[in-house]
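Colleague: The structure under discussion is supplied below as structure tokens; questions concerning it will follow.
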Amino acid sequence: MKYDIKAIEGKWQQRWQENNPAKTRPTGNGKKFYCLDMFPYPSGSGLHVGHWRGYVLSDIYARIKWLEGYNVLHPMGWDAFGLPAENDAIKKGIHPQEGTAKNIATFKRQLKHIGAIYDWDKEVNTTDPEYYKWTQWIFLQMFNAGLAYESNMPINWCPSCLTGLANEEVTQGACERCGTQVEEKNIRQWVLRITDYAQKLLDGLDTLAWSDNIKAMQRNWIGKSEGAEIIFTTHGTDGSVINLPVYTTRPDTIFGVTFLVMAPEHALVDAITVEENKEEVEDYRNMVQSTRSMGREVDDKDKTGVFTGSYAVNPMTKESLPIYIADYVLSGYGTGIIMAVPGHDERDFEFAVAFDLDRIQVIDGPGIKLDDDLNMQEPYTGDGKLINSGAFDGLDAKTEGSKKIIDYIVEHGFGHRTVKFKLRDWIFSRQRYWGEPIPLIHCQKCGVVPVPENQLPVVLPDVERYEPTGTGESPLAAITDWVNTTCPQCTGPAKRETNTMPQWAGSCWYFLRYPNPHLADKPWDKKDMEYWLPVDLYIGGIEHAILHLLYARFYVKVLHDLGYVPFDEPFTNLFNQGMVLKLSEKSGLVEKMSKSKGNVVNPDDIVQDYGSDALRMYMMFMGPPELDCEWQDAGLEGIRRFLLKFWNQFSDAGILLSIGAHEDELTTRRVHKFMRDFQDRLDHFKPNTAISAAMELLNDITASNMKLSRDSYEKVVVALSVLAPHMMSELIETVLGKQLATCTWPTYDPALLVQDTATIVVQVNGKLRANLIVKKGSTQQEVEPEAKNLVHKWLEGHEIVKVVFVADRLISFVVR
Ligand SMILES: [Zn+2]
Ligand SMILES: [Zn+2]
């Protein structure tokens, strides 16, 4: 039987569309499995093979659970607010709503080719007012709980996107979206108190089955450090005593402090700068200010700074320390003042060298060299015994030394223990059009007033121009009709908030909406939350390690604390798939696919030429799913050949034993061994090697002309249906006369695996002619007759002059 890819795949896709056999059952109906993909942004360029990689992977596990009888929720939706749709609107004059709808239609058409068991009745779209009504509702709950506040603060501003950005959206000083160097700008913002949840976000990581790598990235981003705040004192220019609190994570090095450094914008700088240094300090501050607002990175190698003319006292040593201002100290971290320990800190060392300050040693470590003035020649940041530290000499610096020194500081009132986080509050407003309006009203009399819940959603109005204004106001500010409203509290004239939410707002909670996406009077139903959540398996790209995955965890923790959901972590298991790379003819490098590099593979073309099953299987075969893998046409070709060979073998009724005949015991063992390997490897997220197991099985079946019982046949075909659902559905229907939906996920009998089989190579005059599966340890007498049968046509009419037999490996006939 010829395999007509288009006809057969078309037939099954049509059927699944008309009558989805894997449709999600009602809440509460049996064991559940919630399998979630990171929903896509429906971009104009359509689905790419990278999407396929994640979606096929999740579909495999959704299908296994479905065949195991679970109630499976495997939904799909659209994360559709964001800049690209807006930029398209600006360029082509199409309303973002229109452009988005068009892109979604394309994505949906393409997604149907994957043959995944999505339940399309669960579809959500973050730009649908029915959906964002609840995105706004959640914001109001945060606002009412005091977790959202308005602030005029210096924030990261992208001069190209013309909007403020969250810290998480800035990588190495550049806008995450467009790569432009960000600037610092003071803008009125709405900010969420994610820092209130820093410790909870850290603690929760310990309960999650996520990769260590992603957990470490979140831990580093939250950046908890334990240390001490120590008070150094100085005199103001008016003679008053001024306390200079210093935050340090290395109190053990306090005997090595040789100067203090303040952030140039620190509020106390004016009070301590002496008259003759004032001009120099002022010039330096202006220079730093203009450098930062132009978006230039501080050049970390070249330390700059200015002396204030004042000195502080080290509370431990009573030594006098010069106070500098320098831009390598940031006002936002710690107290904005550091105690500089050049002997044991790299940046302090560079500054000390530039300004010719002492670099004394207080920790003994390997390879430390001092110059003639007893200054360290290199900074040493490792651990070791304290030296030159008075009563603390001899203690291990970072552990006991640190502890004892803090104890002393606390006891003598020089300071206290502290915990600090690197995490900053989340800048939540954007000065752009295509986002959820923030549901707040500004009233001159009442201040900021939330839009009453029964007036939600605040629908995003149409505008004539989508261009960002660049003034810190969104284009919404120009629609006077919309902006001017009445205050819900005093009914006086008031103005709507014109900032919109960031593109992350909709994706922070979409997984709560899928179980009942059209619920009208509430965002979700409690019963659905108890039954479906948390998500059992979440699959998506690693690029969301911090942004989406941190924000969504924060949302869920807040909703939990406010009593809206019964769990406080949304995603129990997370798997991050790697990217698909391809050789670019232009650069000669294997790179991420992109139009500009000319190395994009369009999945539509591959489905057209090779079929969906071949693409599905190749995406899984190309390498371990967590790694970036290179697309190779030859690999795809190999999978096509395997599938055709499989079809030829399995569509031939001759592979089945006639009814009543008994399956050979070795064949049964071989099938069970395959099931064990296949399932084991999938359980460990190794679909690539699971496919190898299928290839080995097919080789053995072909080479030794195995005949299968209906039961064994069904096991093999149902197992492979998670990879190649179209072909396997067809085989189950045409050969077995049943439907995949009535089959169950095959199991294996471990008892049958105890005594394993061996594959014996059968050669005639040194040429491989057949493979023979035998019980391990079979003797030559047992093997030879069967082997002769298999290679009958090469032996016929010849005289066997020699037989070589190697147990479990080979039998070789020499003939003439
Ligand atoms: Zn940008
Ligand atoms: Zn009012």
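Residue numbering restarts at 1 in every chain; chains get A, B, ... in the order shown in the structure tokens, and ligands count up from 1 in that same order.
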Could you please extract the residues within 6 Å of ligand 1, counting only C-alpha atoms and all ligand atoms, and hand them back as a PyMOL selection string?

Modeller: chain A and resi 158+160-161+175+177-178+180

Colleague: Take the selection from the previous step and output its residues with N, CA, C and O atoms, as a short mmCIF file (atom, residue, chain, number, x, y, z; two decimals), in the first residue's frame.

Modeller:
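Final file, part_38.cif:
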```cif
data_model
loop_
_atom_site.label_atom_id
_atom_site.label_comp_id
_atom_site.auth_asym_id
_atom_site.auth_seq_id
_atom_site.Cartn_x
_atom_site.Cartn_y
_atom_site.Cartn_z
N CYS A 158 13.51 53.55 26.72
CA CYS A 158 14.05 53.19 25.41
C CYS A 158 13.76 54.31 24.44
O CYS A 158 12.61 54.61 24.16
N SER A 160 14.11 54.40 21.38
CA SER A 160 13.59 53.96 20.09
C SER A 160 12.12 53.52 20.23
O SER A 160 11.26 53.92 19.45
N CYS A 161 11.83 52.70 21.26
CA CYS A 161 10.44 52.29 21.49
C CYS A 161 9.63 53.42 22.15
O CYS A 161 8.41 53.34 22.24
N CYS A 175 17.67 47.79 25.42
CA CYS A 175 16.25 47.40 25.37
C CYS A 175 16.14 45.97 24.88
O CYS A 175 16.69 45.62 23.84
N ARG A 177 13.78 44.47 23.58
CA ARG A 177 13.01 44.31 22.36
C ARG A 177 13.78 44.75 21.11
O ARG A 177 13.81 44.06 20.11
N CYS A 178 14.42 45.94 21.20
CA CYS A 178 15.00 46.51 19.98
C CYS A 178 16.51 46.66 20.05
O CYS A 178 17.13 47.02 19.05
N THR A 180 18.32 48.89 21.48
CA THR A 180 18.81 50.26 21.66
C THR A 180 19.30 50.45 23.11
O THR A 180 18.67 49.95 24.04
#
```

Colleague: Any residue with an atom at most 6 Å from ligand 2 counts, using only C-alpha atoms and all ligand atoms. Which are they? Put them as a PyMOL selection string.

Modeller: chain A and resi 443+445-446+487+489-490+492

Colleague: Might you pull out every residue within 8 Å of range 736-741 of chain A, with only C-alpha atoms counted and same-chain residues fewer than 3 positions away left off, and present them as a PyMOL selection string?

Modeller: chain A and resi 21-22+67+710+714+718+729+731-733+744

Colleague: Write out as an MDAnalysis selection string the residues lying within 12 Å of Ser596 in chain A, counting only C-alpha atoms and excluding same-chain residues fewer than 4 positions away.

Modeller: chainID A and resid 584:587 591:592 600

Colleague: List the neighbours of range 380-396 of chain A out to 7 Å using only C-alpha atoms; skip same-chain residues closer than 4 positions along the sequence, and give me the result as a list of chain:residue names.

Modeller: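 The contact residues come out as A:Phe255, A:Gly343, A:His344, A:Asp345, A:Val362, A:Ile363, A:Asp364, A:Gly365, A:Glu400, A:Gly401.
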
Colleague: Taking N, CA and C atoms for each residue, export the selection above as a compact mmCIF listing (two decimals), in the first residue's frame.

Modeller:
```txt
# COMPACT_ATOMS: atom_id res chain seq x y z
N PHE A 255 38.51 45.77 58.83
CA PHE A 255 39.84 46.31 59.18
C PHE A 255 40.65 46.69 57.96
N GLY A 343 42.01 45.91 49.15
CA GLY A 343 42.79 44.68 49.19
C GLY A 343 41.98 43.46 48.82
N HIS A 344 40.66 43.56 48.99
CA HIS A 344 39.83 42.37 48.83
C HIS A 344 38.57 42.62 48.00
N ASP A 345 38.60 43.62 47.15
CA ASP A 345 37.47 43.89 46.26
C ASP A 345 38.03 44.47 44.97
N VAL A 362 43.92 42.08 54.85
CA VAL A 362 43.37 41.60 56.12
C VAL A 362 42.98 40.13 56.09
N ILE A 363 43.17 39.49 54.92
CA ILE A 363 42.89 38.05 54.83
C ILE A 363 44.11 37.37 54.23
N ASP A 364 44.48 36.25 54.83
CA ASP A 364 45.62 35.51 54.31
C ASP A 364 45.11 34.54 53.25
N GLY A 365 45.73 34.59 52.08
CA GLY A 365 45.30 33.67 51.03
C GLY A 365 46.48 33.26 50.20
N GLU A 400 33.13 32.42 60.39
CA GLU A 400 33.20 32.79 61.80
C GLU A 400 33.59 34.25 61.98
N GLY A 401 34.58 34.70 61.17
CA GLY A 401 35.06 36.07 61.27
C GLY A 401 33.92 37.05 61.04
```

Colleague: Compare A:Gln361, A:Asn516, A:Gln780, A:Thr734 by their minimum atom-to-atom distance to Lys122 in chain A, counting only C-alpha atoms, and give me the closest one.

Modeller: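 Among A:Gln361, A:Asn516, A:Gln780, A:Thr734, it is A:Asn516 that comes nearest to Lys122 in chain A.
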